[in-house]
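> Mind having a look at this structure? Questions to follow.
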Amino acid sequence: MSRTAEIPWVEKYRPKSIKEMALPSARVSGHRIKLDVELTNFIKNFYIEIKKINEENRKIRAYNRTAIEKDQKEELTISPEKAAILLEGPPGIGKTSIVYALANDLNMEVIETNASDTRTRKTIESRLKETTKTRGIMDFITQSKDKLILIDEIDGIYGVQDRGAVPTILELIQNTQFPIIMCSNEYKTSLQPIYNKIQRVEVHPLPENEMLKITEKILEKEKISNLTNEDLELIIDRNNGDLRGVINDLQGISQGVMEKDNKELILSLHRDSIEEVFSLIRDLFQVTTLTEARSLTDKSDVDYNFLYKWINENLPTFLKANRDIANAYENLSLADEIFGRIRKTQYWGLLPYFYDLFAGGVALSRKETPPIKGFRKIVFPRYSTGSYFSLTTAEKEFIEKIQKIYEISPIEFLQDLLPFLKTLSISSRKQLKIISDWLELDAKEKKLLK
Amino acid sequence: MNTEIPIWRIKYYPKELKEFCGRDSIKETLQQIIKQKNFPHLLFIGSEGIGKTTLAQLFAKEFLGNNFDANFKLIYANVPLSDDERNQAKSEAYISTSKIGSIAGKRITTPAFIQVKVKPFVQLKVIGDAPFKILIVKNFESLGSDQQGFRRLMEIYGSNCRMILITTKVSNIIDPIISRCQIILISRVKRDRFKDLIIEIAKNESLVIDDTVIEALYKVSEGKISKAIDLLQLCSISGKTIDMQKLYENSQRLQNDLVKNLLLMALQGDFPKSREMARKIISNYKYDSHEVFTLLLKELNKIPLNEFARKKLINLIADSDFRAIDGRDIDIQISALLSKICLFSEYL
């Protein structure tokens, strides 16, 4: 066996440049975008912006040195949406690869942390903060490569080990000297503070024919010929858009014992990964019996807390007829109610009803909608429950300005005063100007009035 | 800052108790209390937007005099806590020192709202020579079961801090609280007093407005003074004379017809679009689920429908509202209602 056989193929065939890569399709808030263009622009804009800010800060620092304490100005920080970007999508579709390929093309160095590093506050700080805050003297002399920070598997942040990681990352975004790209597989409510601040890009799996092309290329290079096209399709199908999984499977099969019937081997492959949410939901809307639905939810270890939110979000994609939707929601809303009662009373004996209702009840609601053909896009739950109250910074500042002179609660402001001010300023430009001058509104706050 | 305030409802906001429009008997009672320098906990009851908070605030200001700033606090019970405040409440939980019984060695947490917003204020001693501090809690009914926590607070810290609880729905307030308070019912402003106020404002702003229009303004604004003043300002933009037509046009513009549009959209049977719309409304206006359902009910009663259909739809709304009490995800409950309305629309 040659030495190269020991390198995982996933690493061996990781694209070195954007050009040799099959780009996954991506969307930003529903609009299709080109991922490579988006990321390149993001990095370029970041460096333009940070240069400006650094220059400003230098002036401010110089000013502060002479000024008395009262007149000291605060240093500027970069706005979060310009400093960081989040790629979201199922595992193995090339999120990390594209970042490395891009960095290679732009001649940048990638600093990576991922879930295999424990991400306590301290470790993140020691690994990243120094590189983000300061540029060493050596950097100026040697003119080393620009850096790019990649925080991979950000949804792996939870539990005791990663305590304090979210605030640290937020702080990092504010003080960074290098662009930050984050990758994530699934929606996590604990990451909401991060989601709120930065741009999120949905990345979708490659179409199956693209994956077929890639696998064929690899097989050609590895000089393997005993796999038929049918076998390849089976492997690809089993992996539900996970290219990394496909390549791992290929390597496993081709380096394993070759005497066995290939198909049997493929089917017997058990990688450690468990059904991902994406495929789980896709399957859930296909089942025809309650037992199937139950076995699907039993098998998966996706947190049911989230699972029914995913179902809620994606229900209209799979069910089209109003009767089906209403039936599904009848079950889902009852499941939600039961779950609320369980949490309130701690009577966990009710949990089986919850499972049956949210999985089976929803899956078996299909009566009038024709069966699904082709690929349906699954979206992340965009709506988080209203259990906590969040205002945008513009709203917050506006309210604070009003509250100095007039006692009003944030809710009354949004429901009562703001609509009035809006109508007022729509009907006359002059009023808009008078009000915004009087309250000293900035551009963002003014936007609320339009 | 300019001396001229461009928002009329702030400009004509009363600065003293005697400037407060109408409600003479209540004002007299409050004046009496101020003279006596003592009062029990108060419970202000009255419908939305008629000036309960304004009255309570002016009263507290007059009662405390120079010590007002240090000894007064107004909190909104219906504004949810931020994440930071929640965490603060959690960190302040303590471990029970009792060695027997069910609470032995357990973490004791007080409701976050009380822990963060109420306790720090009521526990602090009075500053200056005021007889006690005054705490106003607005929308008290929305505290729900957390009201229980107020029972002891009102007794233990009663001598240090008096509370004025403000509510629109007395039926949602638990009996022990009601029995600890003196109840003050606040009615809406009387027609002639309203008229006096509007005439005064009109004089000030050199508007021309006649009696029938004022009458109409009273009706349109449902006796809510801030709403009436808003409307007046909006009318004044297009000229100093205010007639019926202008008034109605502008009152239409001020009306929030988003919820109505939502209902109509659902009745057309388009589920994905109506869900999108509902989400937008909730995120813009921060309604809680119950508010959305009651608004839908209100709009439902306005649109022309046969009685059977109306009854059926009310049934659906009630059912969803009921489920949302225990449910954890508003979005699911509202989507459920919309999907049922969409289905029902096919039979209309």
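How things are named: the first chain in the structure tokens is A, the next is B, and so on; residues count from 1 in each chain; ligands count from 1 in the order shown.
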Using only C-alpha atoms, which residues sit within 10 Å of Ala336 of chain B once same-chain residues fewer than 5 positions away are excluded, as a ChimeraX atom specification?
/A:312,325-334 /B:271,275,316-317,320,330-331,341-342
> Save out the residues we just selected, C-alpha atoms, as a PDB file, in the first residue's frame.

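File selection37.pdb, as written:
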```
ATOM      1  CA  ASN A 312     -43.649  24.076  11.868  1.00  0.00           C
ATOM      2  CA  ILE A 325     -52.317  21.949   6.482  1.00  0.00           C
ATOM      3  CA  ALA A 326     -55.184  22.489   8.892  1.00  0.00           C
ATOM      4  CA  ASN A 327     -55.155  18.842   9.960  1.00  0.00           C
ATOM      5  CA  ALA A 328     -51.423  18.918  10.492  1.00  0.00           C
ATOM      6  CA  TYR A 329     -51.656  22.087  12.541  1.00  0.00           C
ATOM      7  CA  GLU A 330     -54.492  20.700  14.620  1.00  0.00           C
ATOM      8  CA  ASN A 331     -52.072  17.993  15.739  1.00  0.00           C
ATOM      9  CA  LEU A 332     -49.032  20.222  15.985  1.00  0.00           C
ATOM     10  CA  SER A 333     -50.753  22.852  18.105  1.00  0.00           C
ATOM     11  CA  LEU A 334     -52.091  20.188  20.446  1.00  0.00           C
TER      12      LEU A 334
ATOM     13  CA  PHE B 271     -51.842  30.008   4.150  1.00  0.00           C
ATOM     14  CA  ARG B 275     -48.407  33.255   8.009  1.00  0.00           C
ATOM     15  CA  LEU B 316     -61.682  28.714  16.142  1.00  0.00           C
ATOM     16  CA  ILE B 317     -60.104  31.823  17.631  1.00  0.00           C
ATOM     17  CA  SER B 320     -56.438  28.651  19.615  1.00  0.00           C
ATOM     18  CA  ILE B 330     -46.874  31.347  19.684  1.00  0.00           C
ATOM     19  CA  ASP B 331     -45.952  30.887  16.060  1.00  0.00           C
ATOM     20  CA  ILE B 341     -59.392  29.822   8.839  1.00  0.00           C
ATOM     21  CA  CYS B 342     -57.876  29.094   5.422  1.00  0.00           C
TER      22      CYS B 342
END
```
> Enumerate, in order of chain and increasing residue number, the residues of chain B with an atom no farther than 8 Å from chain A, each with its shortest atom pair and distance in Å to one decimal, counting only C-alpha atoms, as a Markdown table.

```
| residue | atom | partner | partner_atom | distance |
| --- | --- | --- | --- | --- |
| B:Met1 | CA | A:Trp438 | CA | 6.3 |
| B:Asn2 | CA | A:Trp438 | CA | 6.5 |
| B:Ile5 | CA | A:Trp438 | CA | 7.6 |
| B:Pro6 | CA | A:Ile435 | CA | 6.1 |
| B:Ile7 | CA | A:Ile435 | CA | 7.5 |
| B:Ile10 | CA | A:Tyr406 | CA | 6.5 |
| B:Tyr76 | CA | A:Ser409 | CA | 6.7 |
| B:Val79 | CA | A:Ile411 | CA | 6.8 |
| B:Pro80 | CA | A:Phe389 | CA | 5.7 |
| B:Leu81 | CA | A:Tyr388 | CA | 6.9 |
| B:Ser82 | CA | A:Phe389 | CA | 6.4 |
| B:Asp83 | CA | A:Tyr388 | CA | 7.4 |
| B:Asp230 | CA | A:Phe420 | CA | 7.1 |
| B:Leu234 | CA | A:Leu424 | CA | 6.0 |
| B:Ile237 | CA | A:Ser428 | CA | 7.3 |
| B:Arg253 | CA | A:Thr423 | CA | 7.4 |
| B:Leu254 | CA | A:Phe420 | CA | 6.5 |
| B:Gly269 | CA | A:Asn322 | CA | 7.4 |
| B:Phe271 | CA | A:Asn322 | CA | 7.4 |
| B:Pro272 | CA | A:Pro316 | CA | 6.5 |
| B:Arg279 | CA | A:Tyr383 | CA | 7.8 |
| B:Asn284 | CA | A:Leu414 | CA | 7.5 |
| B:Tyr285 | CA | A:Gln415 | CA | 5.5 |
| B:Lys286 | CA | A:Ile411 | CA | 6.8 |
| B:Asp288 | CA | A:Gly386 | CA | 7.4 |
| B:Arg323 | CA | A:Glu337 | CA | 5.8 |
| B:Ala324 | CA | A:Glu337 | CA | 6.9 |
| B:Ile325 | CA | A:Glu337 | CA | 8.0 |
| B:Asp326 | CA | A:Gly340 | CA | 5.1 |
| B:Gly327 | CA | A:Glu337 | CA | 3.9 |
| B:Arg328 | CA | A:Gly340 | CA | 5.3 |
| B:Asp329 | CA | A:Thr385 | CA | 5.4 |
| B:Ile330 | CA | A:Thr385 | CA | 6.3 |
| B:Asp331 | CA | A:Thr385 | CA | 6.8 |
| B:Ile332 | CA | A:Ser333 | CA | 6.0 |
| B:Gln333 | CA | A:Ser333 | CA | 5.6 |
| B:Ser335 | CA | A:Tyr329 | CA | 7.4 |
| B:Ala336 | CA | A:Tyr329 | CA | 4.8 |
| B:Ser339 | CA | A:Ala326 | CA | 4.9 |
| B:Lys340 | CA | A:Ala326 | CA | 5.1 |
| B:Cys342 | CA | A:Asn322 | CA | 6.4 |
| B:Leu343 | CA | A:Asn322 | CA | 5.1 |
```
> Figure out the distance between atom CA of Phe46 of chain A and atom CA of Glu395 of chain A, please, to one decimal in Å.
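Separation between atom CA of Glu395 of chain A and atom CA of Phe46 of chain A: 26.5 Å.
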> Report as a PyMOL selection string: the residues of segment 52-300 of chain B with a DSSP assignment of strand (DSSP E or B), based on the backbone of this structure.
chain B and resi 72-76+94-95+107-108+133-138+161-167+182-185+208-209+241-242
> Those residues with C-alpha atoms, as an mmCIF file, in the first residue's frame please?

```
data_model
loop_
_atom_site.group_PDB
_atom_site.id
_atom_site.type_symbol
_atom_site.label_atom_id
_atom_site.label_comp_id
_atom_site.auth_asym_id
_atom_site.auth_seq_id
_atom_site.Cartn_x
_atom_site.Cartn_y
_atom_site.Cartn_z
ATOM 1 C CA PHE B 72 -40.446 57.075 42.794
ATOM 2 C CA LYS B 73 -40.362 54.272 40.258
ATOM 3 C CA LEU B 74 -42.644 53.263 37.452
ATOM 4 C CA ILE B 75 -42.396 49.734 36.074
ATOM 5 C CA TYR B 76 -44.184 48.020 33.239
ATOM 6 C CA TYR B 94 -29.969 31.227 47.109
ATOM 7 C CA ILE B 95 -29.857 27.815 48.696
ATOM 8 C CA ARG B 107 -32.363 26.491 45.373
ATOM 9 C CA ILE B 108 -34.918 29.139 46.085
ATOM 10 C CA LYS B 133 -41.583 55.590 48.570
ATOM 11 C CA ILE B 134 -44.076 55.128 45.768
ATOM 12 C CA LEU B 135 -43.925 52.317 43.230
ATOM 13 C CA ILE B 136 -46.262 52.273 40.260
ATOM 14 C CA VAL B 137 -46.775 48.935 38.515
ATOM 15 C CA LYS B 138 -48.481 49.294 35.187
ATOM 16 C CA CYS B 161 -43.014 51.712 50.028
ATOM 17 C CA ARG B 162 -46.589 52.157 48.921
ATOM 18 C CA MET B 163 -47.673 50.712 45.622
ATOM 19 C CA ILE B 164 -50.040 51.998 43.027
ATOM 20 C CA LEU B 165 -51.109 49.103 40.852
ATOM 21 C CA ILE B 166 -52.648 49.972 37.527
ATOM 22 C CA THR B 167 -54.809 47.603 35.560
ATOM 23 C CA GLN B 182 -57.962 50.794 48.080
ATOM 24 C CA ILE B 183 -59.716 50.675 44.752
ATOM 25 C CA ILE B 184 -60.017 53.787 42.640
ATOM 26 C CA LEU B 185 -62.165 53.528 39.556
ATOM 27 C CA VAL B 208 -60.742 76.511 13.620
ATOM 28 C CA ILE B 209 -62.957 73.733 14.903
ATOM 29 C CA THR B 241 -59.668 74.579 9.585
ATOM 30 C CA ILE B 242 -60.818 71.163 10.688
#
```
> Quick one: pick out all alpha helix (DSSP H) residues within segment 11-240 of chain B from a backbone DSSP run and write them as a ChimeraX atom specification.
/B:11,24-36,52-64,68-71,83-91,112-113,119-123,147-156,175-179,191-204,211-220,225-236
> Could you save the residues just selected, with C-alpha atoms, as a short mmCIF file (atom, residue, chain, number, x, y, z; two decimals), in the first residue's frame?

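What follows is the written file result-v4.cif:
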```
data_model
loop_
_atom_site.label_atom_id
_atom_site.label_comp_id
_atom_site.auth_asym_id
_atom_site.auth_seq_id
_atom_site.Cartn_x
_atom_site.Cartn_y
_atom_site.Cartn_z
CA LYS B 11 -46.68 69.32 24.55
CA ASP B 24 -62.95 66.07 39.40
CA SER B 25 -64.17 63.72 42.10
CA ILE B 26 -61.12 61.48 41.78
CA LYS B 27 -58.79 64.43 41.77
CA GLU B 28 -60.46 65.69 44.92
CA THR B 29 -59.95 62.34 46.64
CA LEU B 30 -56.30 62.37 45.66
CA GLN B 31 -55.85 65.97 46.85
CA GLN B 32 -57.33 64.89 50.16
CA ILE B 33 -54.80 62.08 50.43
CA ILE B 34 -51.97 64.48 49.72
CA LYS B 35 -53.12 66.69 52.58
CA GLN B 36 -53.28 63.73 54.97
CA LYS B 52 -54.63 56.13 34.66
CA THR B 53 -50.87 56.24 34.53
CA THR B 54 -50.78 59.98 33.98
CA LEU B 55 -53.00 60.49 36.97
CA ALA B 56 -50.99 58.15 39.17
CA GLN B 57 -47.75 59.80 38.17
CA LEU B 58 -48.97 63.33 38.75
CA PHE B 59 -50.37 62.26 42.09
CA ALA B 60 -47.06 60.67 43.14
CA LYS B 61 -45.17 63.75 42.03
CA GLU B 62 -47.36 66.06 44.06
CA PHE B 63 -47.36 63.74 47.05
CA LEU B 64 -43.59 63.36 47.22
CA PHE B 68 -39.96 62.70 43.93
CA ASP B 69 -36.97 61.64 41.86
CA ALA B 70 -35.32 59.51 44.50
CA ASN B 71 -38.41 57.81 45.87
CA ASP B 83 -31.72 38.04 28.84
CA ASP B 84 -29.33 39.89 31.13
CA GLU B 85 -32.02 40.55 33.66
CA ARG B 86 -33.10 36.92 33.59
CA ASN B 87 -29.56 35.78 34.23
CA GLN B 88 -29.22 38.26 37.04
CA ALA B 89 -32.33 36.85 38.70
CA LYS B 90 -30.98 33.34 38.35
CA SER B 91 -27.63 34.25 39.84
CA ALA B 112 -37.45 37.04 37.92
CA PHE B 113 -39.59 40.11 37.49
CA LYS B 119 -37.24 44.04 45.23
CA PRO B 120 -34.23 46.35 44.85
CA PHE B 121 -36.53 49.36 44.90
CA VAL B 122 -38.82 48.42 47.76
CA GLN B 123 -36.00 47.23 50.00
CA GLN B 147 -48.90 38.34 41.49
CA GLN B 148 -48.64 35.93 44.42
CA GLY B 149 -45.17 37.26 45.05
CA PHE B 150 -46.58 40.71 45.63
CA ARG B 151 -48.75 39.60 48.55
CA ARG B 152 -45.86 39.32 50.97
CA LEU B 153 -43.98 42.25 49.47
CA MET B 154 -46.93 44.52 50.05
CA GLU B 155 -47.06 43.50 53.71
CA ILE B 156 -43.37 43.34 54.56
CA ASP B 175 -58.35 38.45 45.34
CA PRO B 176 -55.62 38.78 48.01
CA ILE B 177 -54.17 41.70 46.08
CA ILE B 178 -57.52 43.40 45.67
CA SER B 179 -58.19 43.07 49.38
CA ARG B 191 -67.87 65.24 27.15
CA ASP B 192 -67.93 68.89 28.23
CA ARG B 193 -64.53 68.71 29.91
CA PHE B 194 -63.11 67.12 26.77
CA LYS B 195 -64.62 69.96 24.77
CA ASP B 196 -62.99 72.58 27.01
CA LEU B 197 -59.61 70.96 26.55
CA ILE B 198 -59.88 70.73 22.76
CA ILE B 199 -61.03 74.34 22.51
CA GLU B 200 -58.06 75.43 24.57
CA ILE B 201 -55.65 73.51 22.35
CA ALA B 202 -57.35 74.86 19.23
CA LYS B 203 -56.95 78.39 20.57
CA ASN B 204 -53.30 77.79 21.28
CA ASP B 211 -68.80 71.90 18.19
CA THR B 212 -70.08 69.11 15.96
CA VAL B 213 -66.52 68.26 14.93
CA ILE B 214 -65.41 68.15 18.55
CA GLU B 215 -68.35 65.89 19.25
CA ALA B 216 -67.21 63.62 16.44
CA LEU B 217 -63.63 63.73 17.68
CA TYR B 218 -64.81 62.56 21.10
CA LYS B 219 -66.59 59.64 19.49
CA VAL B 220 -63.75 58.66 17.18
CA ILE B 225 -57.21 62.17 25.16
CA SER B 226 -53.82 61.29 23.72
CA LYS B 227 -55.50 59.72 20.72
CA ALA B 228 -57.68 62.77 20.18
CA ILE B 229 -54.68 65.09 20.34
CA ASP B 230 -52.77 62.89 17.88
CA LEU B 231 -55.68 63.09 15.49
CA LEU B 232 -55.94 66.82 15.89
CA GLN B 233 -52.28 67.26 15.03
CA LEU B 234 -52.57 65.06 11.99
CA CYS B 235 -55.56 67.11 10.76
CA SER B 236 -53.75 70.39 11.34
#
```
